[in-house]
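Participant: Quick one, model-v6.pdb (PDB, C-alpha atoms):
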ATOM      1  CA  MET A  12     -48.542  40.273  -7.410  1.00  0.00           C
ATOM      2  CA  ILE A  13     -51.936  41.884  -7.847  1.00  0.00           C
ATOM      3  CA  VAL A  14     -54.778  39.516  -8.718  1.00  0.00           C
ATOM      4  CA  VAL A  15     -57.933  40.900 -10.333  1.00  0.00           C
ATOM      5  CA  THR A  16     -60.895  38.604 -10.910  1.00  0.00           C
ATOM      6  CA  VAL A  17     -64.344  39.236 -12.327  1.00  0.00           C
ATOM      7  CA  GLY A  18     -65.562  35.768 -11.318  1.00  0.00           C
ATOM      8  CA  THR A  19     -67.523  33.378 -13.509  1.00  0.00           C
ATOM      9  CA  ASN A  20     -70.559  35.565 -14.173  1.00  0.00           C
ATOM     10  CA  GLU A  21     -71.592  35.513 -17.847  1.00  0.00           C
ATOM     11  CA  ALA A  22     -71.848  39.335 -17.928  1.00  0.00           C
ATOM     12  CA  PRO A  23     -68.752  41.405 -18.742  1.00  0.00           C
ATOM     13  CA  PHE A  24     -67.215  43.644 -16.090  1.00  0.00           C
ATOM     14  CA  ASP A  25     -65.176  46.002 -18.290  1.00  0.00           C
ATOM     15  CA  ARG A  26     -65.904  48.840 -15.865  1.00  0.00           C
ATOM     16  CA  LEU A  27     -63.607  47.212 -13.287  1.00  0.00           C
ATOM     17  CA  LEU A  28     -60.963  46.134 -15.793  1.00  0.00           C
ATOM     18  CA  ARG A  29     -60.769  49.635 -17.299  1.00  0.00           C
ATOM     19  CA  ALA A  30     -59.300  50.825 -13.980  1.00  0.00           C
ATOM     20  CA  PHE A  31     -56.233  48.627 -14.609  1.00  0.00           C
ATOM     21  CA  ASP A  32     -55.788  49.347 -18.309  1.00  0.00           C
ATOM     22  CA  GLY A  33     -52.345  50.879 -18.640  1.00  0.00           C
ATOM     23  CA  ALA A  34     -51.845  51.035 -14.861  1.00  0.00           C
ATOM     24  CA  ARG A  35     -48.333  49.537 -15.124  1.00  0.00           C
ATOM     25  CA  PRO A  36     -47.822  48.518 -11.490  1.00  0.00           C
ATOM     26  CA  ASP A  37     -44.313  47.647 -10.277  1.00  0.00           C
ATOM     27  CA  GLU A  38     -45.386  44.045  -9.832  1.00  0.00           C
ATOM     28  CA  GLU A  39     -47.092  41.282 -11.774  1.00  0.00           C
ATOM     29  CA  LEU A  40     -50.743  41.943 -12.603  1.00  0.00           C
ATOM     30  CA  LEU A  41     -52.862  38.830 -13.195  1.00  0.00           C
ATOM     31  CA  VAL A  42     -56.336  39.532 -14.596  1.00  0.00           C
ATOM     32  CA  GLN A  43     -59.034  36.862 -14.865  1.00  0.00           C
ATOM     33  CA  HIS A  44     -61.338  38.668 -17.304  1.00  0.00           C
ATOM     34  CA  GLY A  45     -64.134  36.176 -18.050  1.00  0.00           C
ATOM     35  CA  PRO A  46     -66.410  37.391 -20.862  1.00  0.00           C
ATOM     36  CA  SER A  47     -65.162  40.978 -20.619  1.00  0.00           C
ATOM     37  CA  SER A  48     -63.812  42.344 -23.883  1.00  0.00           C
ATOM     38  CA  LEU A  49     -61.194  44.566 -22.260  1.00  0.00           C
ATOM     39  CA  ARG A  50     -57.680  43.217 -21.681  1.00  0.00           C
ATOM     40  CA  PRO A  51     -55.709  45.634 -19.490  1.00  0.00           C
ATOM     41  CA  ALA A  52     -52.401  46.552 -21.127  1.00  0.00           C
ATOM     42  CA  GLY A  53     -49.423  45.249 -19.188  1.00  0.00           C
ATOM     43  CA  ALA A  54     -51.397  42.500 -17.452  1.00  0.00           C
ATOM     44  CA  ARG A  55     -51.229  38.732 -17.835  1.00  0.00           C
ATOM     45  CA  CYS A  56     -54.821  38.114 -18.913  1.00  0.00           C
ATOM     46  CA  VAL A  57     -56.636  34.791 -18.703  1.00  0.00           C
ATOM     47  CA  PRO A  58     -60.318  34.136 -19.432  1.00  0.00           C
ATOM     48  CA  PHE A  59     -60.865  31.790 -16.486  1.00  0.00           C
ATOM     49  CA  LEU A  60     -58.894  30.018 -13.788  1.00  0.00           C
ATOM     50  CA  SER A  61     -59.787  26.731 -12.168  1.00  0.00           C
ATOM     51  CA  TYR A  62     -60.705  27.000  -8.514  1.00  0.00           C
ATOM     52  CA  ASP A  63     -57.307  25.612  -7.496  1.00  0.00           C
ATOM     53  CA  GLU A  64     -55.459  28.014  -9.809  1.00  0.00           C
ATOM     54  CA  LEU A  65     -57.423  30.981  -8.459  1.00  0.00           C
ATOM     55  CA  ALA A  66     -56.899  29.945  -4.833  1.00  0.00           C
ATOM     56  CA  ASP A  67     -53.163  29.560  -5.462  1.00  0.00           C
ATOM     57  CA  ALA A  68     -52.926  32.972  -7.157  1.00  0.00           C
ATOM     58  CA  ILE A  69     -54.853  34.582  -4.288  1.00  0.00           C
ATOM     59  CA  ARG A  70     -52.546  33.010  -1.701  1.00  0.00           C
ATOM     60  CA  ARG A  71     -49.481  34.359  -3.553  1.00  0.00           C
ATOM     61  CA  ALA A  72     -50.963  37.817  -4.173  1.00  0.00           C
ATOM     62  CA  ARG A  73     -50.061  40.955  -2.292  1.00  0.00           C
ATOM     63  CA  VAL A  74     -53.444  42.478  -3.175  1.00  0.00           C
ATOM     64  CA  VAL A  75     -56.652  40.883  -4.438  1.00  0.00           C
ATOM     65  CA  VAL A  76     -59.256  42.943  -6.324  1.00  0.00           C
ATOM     66  CA  MET A  77     -62.557  41.389  -7.339  1.00  0.00           C
ATOM     67  CA  HIS A  78     -66.221  41.761  -8.030  1.00  0.00           C
ATOM     68  CA  ALA A  79     -68.367  41.403  -4.913  1.00  0.00           C
ATOM     69  CA  GLY A  80     -69.539  37.874  -5.658  1.00  0.00           C
ATOM     70  CA  VAL A  81     -69.958  35.745  -2.567  1.00  0.00           C
ATOM     71  CA  GLY A  82     -68.006  32.811  -4.042  1.00  0.00           C
ATOM     72  CA  SER A  83     -65.023  34.964  -4.969  1.00  0.00           C
ATOM     73  CA  ILE A  84     -65.045  36.746  -1.623  1.00  0.00           C
ATOM     74  CA  MET A  85     -65.244  33.476   0.297  1.00  0.00           C
ATOM     75  CA  THR A  86     -62.345  32.084  -1.750  1.00  0.00           C
ATOM     76  CA  ALA A  87     -60.221  35.119  -0.859  1.00  0.00           C
ATOM     77  CA  LEU A  88     -61.155  34.926   2.823  1.00  0.00           C
ATOM     78  CA  ALA A  89     -60.562  31.166   2.946  1.00  0.00           C
ATOM     79  CA  ASN A  90     -57.068  31.825   1.607  1.00  0.00           C
ATOM     80  CA  GLY A  91     -56.280  34.470   4.206  1.00  0.00           C
ATOM     81  CA  LYS A  92     -56.846  37.607   2.119  1.00  0.00           C
ATOM     82  CA  ARG A  93     -59.047  40.612   2.703  1.00  0.00           C
ATOM     83  CA  PRO A  94     -60.056  41.528  -0.857  1.00  0.00           C
ATOM     84  CA  ILE A  95     -60.762  44.920  -2.345  1.00  0.00           C
ATOM     85  CA  VAL A  96     -64.240  44.497  -3.826  1.00  0.00           C
ATOM     86  CA  VAL A  97     -66.090  46.460  -6.497  1.00  0.00           C
ATOM     87  CA  PRO A  98     -69.776  45.492  -6.790  1.00  0.00           C
ATOM     88  CA  ARG A  99     -71.290  44.705 -10.170  1.00  0.00           C
ATOM     89  CA  LEU A 100     -74.263  46.966 -10.887  1.00  0.00           C
ATOM     90  CA  ARG A 101     -77.515  46.319 -12.679  1.00  0.00           C
ATOM     91  CA  ARG A 102     -77.600  49.712 -14.414  1.00  0.00           C
ATOM     92  CA  PHE A 103     -74.429  48.774 -16.327  1.00  0.00           C
ATOM     93  CA  GLY A 104     -75.721  45.316 -17.287  1.00  0.00           C
ATOM     94  CA  GLU A 105     -73.181  43.652 -15.002  1.00  0.00           C
ATOM     95  CA  ALA A 106     -75.728  41.835 -12.827  1.00  0.00           C
ATOM     96  CA  VAL A 107     -79.452  41.156 -12.685  1.00  0.00           C
ATOM     97  CA  ASP A 108     -79.796  43.314  -9.557  1.00  0.00           C
ATOM     98  CA  ASP A 109     -77.640  45.200  -7.068  1.00  0.00           C
ATOM     99  CA  HIS A 110     -77.277  42.418  -4.495  1.00  0.00           C
ATOM    100  CA  GLN A 111     -73.462  42.750  -4.599  1.00  0.00           C
ATOM    101  CA  VAL A 112     -73.697  46.269  -3.187  1.00  0.00           C
ATOM    102  CA  ALA A 113     -75.602  45.134  -0.096  1.00  0.00           C
ATOM    103  CA  LEU A 114     -73.292  42.165   0.461  1.00  0.00           C
ATOM    104  CA  ALA A 115     -70.139  44.241   0.014  1.00  0.00           C
ATOM    105  CA  ARG A 116     -71.377  46.933   2.410  1.00  0.00           C
ATOM    106  CA  ARG A 117     -72.217  44.344   5.050  1.00  0.00           C
ATOM    107  CA  LEU A 118     -68.850  42.592   4.722  1.00  0.00           C
ATOM    108  CA  ASP A 119     -66.984  45.916   4.686  1.00  0.00           C
ATOM    109  CA  ALA A 120     -68.719  46.907   7.929  1.00  0.00           C
ATOM    110  CA  ALA A 121     -67.635  43.569   9.398  1.00  0.00           C
ATOM    111  CA  GLY A 122     -64.026  44.276   8.386  1.00  0.00           C
ATOM    112  CA  LEU A 123     -63.831  41.339   5.976  1.00  0.00           C
ATOM    113  CA  VAL A 124     -63.454  43.269   2.706  1.00  0.00           C
ATOM    114  CA  THR A 125     -62.428  46.719   1.540  1.00  0.00           C
ATOM    115  CA  LEU A 126     -65.343  48.150  -0.417  1.00  0.00           C
ATOM    116  CA  VAL A 127     -64.631  50.427  -3.373  1.00  0.00           C
ATOM    117  CA  GLU A 128     -67.918  51.465  -4.955  1.00  0.00           C
ATOM    118  CA  SER A 129     -66.382  53.225  -7.951  1.00  0.00           C
ATOM    119  CA  PRO A 130     -63.706  51.600 -10.111  1.00  0.00           C
ATOM    120  CA  ASP A 131     -62.208  55.097 -10.430  1.00  0.00           C
ATOM    121  CA  ASP A 132     -61.021  54.662  -6.829  1.00  0.00           C
ATOM    122  CA  VAL A 133     -59.645  51.142  -7.131  1.00  0.00           C
ATOM    123  CA  LEU A 134     -56.037  52.027  -7.981  1.00  0.00           C
ATOM    124  CA  GLY A 135     -55.907  54.337  -4.983  1.00  0.00           C
ATOM    125  CA  ALA A 136     -57.084  51.485  -2.772  1.00  0.00           C
ATOM    126  CA  VAL A 137     -54.439  49.201  -4.272  1.00  0.00           C
ATOM    127  CA  GLU A 138     -51.701  51.816  -3.776  1.00  0.00           C
ATOM    128  CA  THR A 139     -52.616  52.504  -0.158  1.00  0.00           C
ATOM    129  CA  SER A 140     -53.006  48.844   0.650  1.00  0.00           C
ATOM    130  CA  ALA A 141     -50.146  47.331   2.567  1.00  0.00           C
ATOM    131  CA  GLY A 142     -51.290  44.092   1.037  1.00  0.00           C
ATOM    132  CA  SER A 143     -54.372  42.038   1.610  1.00  0.00           C
ATOM    133  CA  PRO A 144     -54.181  41.777   5.398  1.00  0.00           C
ATOM    134  CA  GLY A 145     -54.616  38.298   6.757  1.00  0.00           C
ATOM    135  CA  VAL A 146     -58.102  37.425   7.849  1.00  0.00           C
ATOM    136  CA  GLU A 147     -58.759  35.047  10.700  1.00  0.00           C
ATOM    137  CA  LEU A 148     -61.988  33.217  10.035  1.00  0.00           C
ATOM    138  CA  GLY A 149     -63.136  31.479  13.131  1.00  0.00           C
ATOM    139  CA  ALA A 150     -66.562  30.416  14.199  1.00  0.00           C
ATOM    140  CA  ASN A 151     -68.490  33.677  14.495  1.00  0.00           C
ATOM    141  CA  PRO A 152     -72.119  32.784  15.178  1.00  0.00           C
ATOM    142  CA  ARG A 153     -73.342  36.363  14.713  1.00  0.00           C
ATOM    143  CA  LEU A 154     -71.732  36.713  11.273  1.00  0.00           C
ATOM    144  CA  VAL A 155     -72.968  33.288  10.188  1.00  0.00           C
ATOM    145  CA  ALA A 156     -76.501  34.185  11.296  1.00  0.00           C
ATOM    146  CA  GLU A 157     -76.339  37.560   9.503  1.00  0.00           C
ATOM    147  CA  LEU A 158     -75.058  35.958   6.288  1.00  0.00           C
ATOM    148  CA  LYS A 159     -77.783  33.300   6.403  1.00  0.00           C
ATOM    149  CA  GLU A 160     -80.401  36.016   6.943  1.00  0.00           C
ATOM    150  CA  TYR A 161     -79.002  38.089   4.081  1.00  0.00           C
ATOM    151  CA  VAL A 162     -78.841  35.151   1.656  1.00  0.00           C
ATOM    152  CA  ALA A 163     -82.391  34.146   2.568  1.00  0.00           C
ATOM    153  CA  SER A 164     -83.585  37.712   1.949  1.00  0.00           C
ATOM    154  CA  VAL A 165     -82.111  37.955  -1.560  1.00  0.00           C
ATOM    155  CA  LEU A 166     -82.769  34.445  -2.861  1.00  0.00           C
ATOM    156  CA  PRO A 167     -86.236  33.426  -3.994  1.00  0.00           C
ATOM    157  CA  GLN A 168     -87.954  31.238  -1.466  1.00  0.00           C
ATOM    158  CA  SER A 169     -87.804  27.574  -2.357  1.00  0.00           C
ATOM    159  CA  THR A 170     -91.026  25.707  -2.886  1.00  0.00           C
ATOM    160  CA  HIS A 171     -89.246  22.436  -2.185  1.00  0.00           C
ATOM    161  CA  GLY A 172     -88.730  22.920   1.520  1.00  0.00           C
ATOM    162  CA  VAL A 173     -84.954  23.182   1.202  1.00  0.00           C
ATOM    163  CA  GLY A 174     -83.231  25.754   3.333  1.00  0.00           C
TER     164      GLY A 174
END
As structure tokens, what does this structure read like?
Facilitator:
Amino acid sequence: MIVVTVGTNEAPFDRLLRAFDGARPDEELLVQHGPSSLRPAGARCVPFLSYDELADAIRRARVVVMHAGVGSIMTALANGKRPIVVPRLRRFGEAVDDHQVALARRLDAAGLVTLVESPDDVLGAVETSAGSPGVELGANPRLVAELKEYVASVLPQSTHGVG
């Protein structure tokens, strides 16, 4: 099974879903489309999945394709999958800024995700994937420190002393 998720963002991500429209893979294609108007032909399309439903689908999937949202990525990693990620971009109205690009590049460099910057290349990544290789997430102080630094750099500083 191939699982495609656009997350819970209120902005559509038709640009990613268009890559799967009419793709007709030889296996089940589950698409969580959120507010996107596009429904890829040949896919089982659902607007949203509960966290447990998404985690279960990810565990059963051969390949996971998703936006580069930190919550979605962490869900894939926590369930042993290395996702193919396509960042949402501000210029297409998919996000308020391009923070997903920076996150995806950092996680790709760390070997935790497969970054595909253009949806035009996503089917090729799916075809060449031997599946979402298992990911061993152990305590990695350097990665934790880098993620904390990155999150702190992109989130507005709190005036409440939380952090």
Participant: Using all atoms listed in the file, which of the listed residues (A:Val155, A:Val57, A:Ala52, A:Gly82) sits closest to Ala34 of chain A?
Facilitator: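 Among A:Val155, A:Val57, A:Ala52, A:Gly82, it is A:Ala52 that comes nearest to Ala34 of chain A.
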Participant: Using all atoms listed in the file for the distances, tell me which of A:Pro46, A:Pro23, A:Pro98, A:Gly53 is nearest to Leu114 of chain A.
Facilitator: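 So, comparing all the options, the nearest one is A:Pro98.
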Participant: For this structure, which residues satisfy the selection - the PyMOL selection byres ((chain A and resi 126) around 8) - when it is evaluated on the file as given? I want them as a PyMOL selection string.
Facilitator: chain A and resi 95-97+115-116+119+124-125+127-128
Participant: How many Å lie between atom CA of Phe24 of chain A and atom CA of Ala163 of chain A, rounded to one decimal?
Facilitator: 25.9 Å
Participant: Which neighbours of His78 of chain A fall inside 12 Å, counting all atoms listed in the file, when residues of the same chain fewer than 3 positions from it are skipped, and could you give them as a ChimeraX atom specification?
Facilitator: /A:14-20,22-28,43-45,75,81-85,87,94-100,105-106,109-112,114-115,124-130,133
Participant: Could you please determine the separation between atom CA of Val42 of chain A and atom CA of Val162 of chain A in Å, to one decimal place?
Facilitator: 28.1 Å
Participant: Interatomic distance between atom CA of Ala68 of chain A and atom CA of Pro36 of chain A?
Facilitator: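 Going from atom CA of Ala68 of chain A over to atom CA of Pro36 of chain A, I get 16.9 Å.
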Participant: Compare A:Leu41, A:Val137, A:Leu154, A:Ala72 by their minimum atom-to-atom distance to Pro58 of chain A, counting only C-alpha atoms, and give me the closest one.
Facilitator: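 Between A:Leu41, A:Val137, A:Leu154, A:Ala72, the residue approaching Pro58 of chain A most closely is A:Leu41.
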Participant: Taking all atoms listed in the file into account, name the residue in A:Pro51, A:Thr86, A:Glu39, A:Gly33 that is nearest to Asp67 of chain A.
Facilitator: A:Thr86
Participant: Using all atoms listed in the file, which of A:Arg93, A:Arg73, A:Arg35, A:Arg102 sits nearest Arg55 of chain A?
Facilitator: A:Arg35
